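Asker: Quick one: the structure is below, questions incoming.
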Amino acid sequence: MDPLEEAIVISFDESGNIDSGLKAQAVAYCQQIKETPTICRICIEKLRFCKLVQVQFWCLQTLHEVIRVKYSLMGLDEKDYVRSSVLSIACSDDKNVGVLEGPAFIKNKLAQVFVTLIYFEYPVIWSSVFVDFLPHLSKGAAVIDMFCRVLNSLDDELISLDYPRSPEEVAVAGRVKDAMRQQCVAQIVRAWYDIVTLYRNSDPELSSGVLDTMRRYISWIDIGLVANDAFVPLLFDLVLLDGLSEQLRCSAAGCISAVVLKRMDPQSKLSLLESLQISRVFSLITYGDSELVPGVAALLTDYATEVLECLKRVNSEEAKRESTKLLDEVLPSVFYVVQNCEVHSGFNVVQLLSSYMATMKGISTLKDKELHHVGQILEVIRTQIRYDPAYRENLDSLDKIGIEEEDRMAESRKDLLVLLRSVGRVAPNLTLLFIRNSLASAVSSSSDRNVEEVEAALSLFYALGESQNEESMKSGSGLLSELVPTLLSTRFPCHSHRLVALVYLDTITRYMKFVQENPQYIPMVLAAFLDERGIRHPNVNVSRRASYLFMRVVKLLKANLVPFIETILQGLQDAVARFTNTGYTSKELSASEDGSHIFEAIGLLIGMEDVPLEKQSEYLSSLLTPLCQQVGSLLSTPTDSMDESSAKFAIIQQIIMAINALSKGFSERLVTASRPAIGQMFKKTLDILLQVLIVYPKVEPLRNKVLSFIHRMVDTLGASVFPYLPKAFEQLLTESEPEEMVRFLVLLNQLICKFSTLVQEIVEEVFPVIAGRIFGMIPTDAILSGPGTNTEEFRELQELQKSFYTFLHVITMHGLSSIFLSPKSRGYLDRLMQLLLYTSCNHRDILVRKACVQIFTRLIKDWCTGPNEEKVPGFQRFVIEAFATNCCLQSVLDKSFEFRDANTLLLFGEIVSAQKVMYEKFGDDFLVYFVSRGFPAAHCPQDLAEQYCQKLQGCDIKALKSFYQSLIENLRLQQNGSLVFR
């Protein structure tokens, strides 16, 4: 090896045996050689005499790069040399050159070099490139293979629309195709025919490669060159002849598919499709595991799709009849393919069937043949949505494999179930009949198929509900009135399987509107949810889902269930008892976490005013009393170990969740006005649960659950909850962590929004504590962002800061701004104003800035009754000199204030409104300072300042906003030196 060859071999070495320094030197040396002016000659000489594939690849890769990047810099002699040399190598003229005998990646690289020359030179410079190549095909398989690789590369690199192309590439592709059509396509097609005919038996792999290349070109060459009396019989002969290689037969089928997919006017396409006599290949799809089946399946799908397009687009009745005839002929084979063959064209088949159903929508009455096809489509859907029995155990236990299979099926079903809804709209009775028969068949099917059959049938019935309008769901029109009762009364042999149980419960829930209108079926619904098919199901995932769905059913049926309350409570007795059983472990509770849905359902039932007071009190007491006793017992019982404590905390947490859920069924009006005795029971419960905060003040999960219950009691008990709040606040404020404070602020916001000034004393009492702690955590003159702040601690502080602004906004907007002026809070007023001012000017969250501007506007209204009349000494001066100048002018002049942003425009509107309010409250005091000091500092011309005064004194806030935006934009331009005012 010479130095270059040695360097190339070393640079390509991946064995790890070469010293890294030596390898780096080799790479550098190769790069140095690339820069020499004679690099093209060096590469071609190496290709002629060197047999090392590393050297061959490096030379071809270098040639490709040089031609692609430096073609315009190459001299005419160099271009001519490269052109003739590349053609010579590709056509095997030089017997010393071994490129065509090398591996596929070397030949593909040579083809890429060849195509790069075509890109720059055909047809203007090298007009005879294809004509020059064709005579060499007689040299045999190696040259023919190389010619195919060149054509394939030309398609990949330039012509195919499967890849994104630049406008320049599209223009070059058009130029190349036009020249080829005019000059050589006919000769190339003739060569393809001759090669396939000659080599079909002796070298089927070569013939297959030629056909694969031809398939790429059929879409843009004259279709008459292929769809003729010579080529079509040859292609069908290859497909149909048993004994030929399956690869060759598949390639021939691919070419016929390309002919079928050729873009043409619908009448010509219909004639072409009819002439193909596609029925000749129908029998081939029964070949079982043959490699030919996918190719034929794709051909039939493409053919049916094109026939359907013709049916849509042709105008004459005769053409429509012919299209329908061809479609009726091919569809049974398509149905067979999708149900029996392992093919990768499933999505295309679903598209085809969806398109077919779309054409059926316009037909008022379906004929027998069409009804038969629709029935077959339903059968296809059922087949495709059915799980493989091989995954039965995985799906029941829902292990990793089961989860993956369930996800795969969910994705696969999307288009199929959309198709089902289309069928349901076109042929509703046929669809319902099919589902009824599917259910009947599933129930009676053998045990080895039962699970998958039942699950598929129930899934079909569930999905059909989406295509049913509310009226038909209520009335149970057609077979629906038979199907729903059948569903409710059927006990499937495989109901213990998770998949079947889940879809059964979901399906019942989906058709609950029918039950609502036909209450005679309520006992059957209750039985399904309360027995082993639902809440008592042995699979915990099913029982959880059943609890949730039952709660939804109760919400819908509600009043209809009053006569059944005793039955329901008795049926739920076991589930309820779990929460009062002292021997019930935290592990068992966590497995039944959705037990809170059961309590919510019970609450919805017993919380209705239709239930007599005595019964309501009895029901509620029977639930609350043991739950509260359980909490009391747990709070008073010491624990010896960490595990015991964790178990205790989990049980208390579950009980609080259960009581919380139970209370959702009771309205504020009922517990405070019409039946205060019920409210008293919840007050006692609240009193007991507040003890949790005292006994376990630092157990965060318990604090969160108690806090959630307080939220619920605020909604349920109304103002009667006030006496309990001081005790709760005292405990909740013992923790000063940002996360805890955020939750506490949310509670206060709820109270203020609900009760407004009624909670003034309560909020006034806690505000100084809150302000003191928050000001101790967050700065008043810095924004919590930037480098080093992407930590959990800083994120919590950011959330606290944002929550504090919301809290201040809620206080101000609900008439409670006097809280800031109370004796205990007054000491924080200055820091509060500085924080609001800084934030309104600088915070990166525009909506936070907007809230702060709104706070200032409201404070001006509350604290300033007129010029020189103010509740807070110095506030007017602060607003005029600090807020107006910094926020309303300087912050808006900053280039970061982006008027094209929607939220920024909202902030700007608030800033303009604030100016209007300041003028109304302060009169000339505001105007003189803002215009005489603020505007000159911003270099605002006098005439524009005068116009601002006029707009501000007017009544049109919209005109003021528009003018002020224009003023700010002009001042910005002036600052940039882009505008001179006149």
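Every chain in the structure tokens has a letter given in the order shown (A, B, ...), and although residue numbers restart at 1 in each chain, ligands are simply numbered from 1 in the order shown.
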Fewer than 3 positions away in the same chain doesn't count, so skip those; otherwise give me all residues within 9 Å of stretch 281-295 of chain A, counting only C-alpha atoms, as a VMD selection string.
Answerer: chain A and resid 236 239 to 240 246 to 247 249 to 254 257 277 to 278 298 to 300 330 333 336 to 337 340 to 345
Asker: As a list in words, please: the residues near A:Cys310 (cut-off 10 Å, only C-alpha atoms, same-chain neighbours under 2 positions excluded).
Answerer: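 Counting only C-alpha atoms, the residues come to Asp265, Pro266, Gln267, Ser268, Lys269, Leu270, Leu273, Ala304, Thr305, Glu306, Val307, Leu308, Lys312, Arg313, Val314, Asn315, Ala319, Lys320, Glu322, Ser323 and Thr324 of chain A.
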Asker: What separation in Å, quoted to one decimal, exists between atom CA of A:Lys177 and atom CA of A:Ser153?
Answerer: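 Interatomic distance, atom CA of A:Lys177 to atom CA of A:Ser153: 14.2 Å.
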Asker: If we count only C-alpha atoms, what is near A:Asp862 at a cut-off of 12 Å, once residues fewer than 3 positions away on the same chain are taken out, given as a PyMOL selection string?
Answerer: chain A and resi 812-821+855-859+865-866+869-872+875-876+917-918+921
Asker: I need the alpha helix (DSSP H) residues of stretch 412-498 of chain A per DSSP on the backbone, written as a ChimeraX atom specification.
Answerer: /A:412-426,428-444,447-464,470-475,480-489,498
Asker: Quick one: distance from atom CA of A:Ile778 to atom CA of A:Pro726 in Å, one decimal?
Answerer: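 These atoms are spaced 25.8 Å apart.
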Asker: Measuring between only C-alpha atoms, which one of A:Pro37, A:Pro538, A:Leu733, A:Gln616 shows the shortest distance to A:Val766?
Answerer: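 Using only C-alpha atoms, the shortest distance to A:Val766 belongs to A:Leu733.
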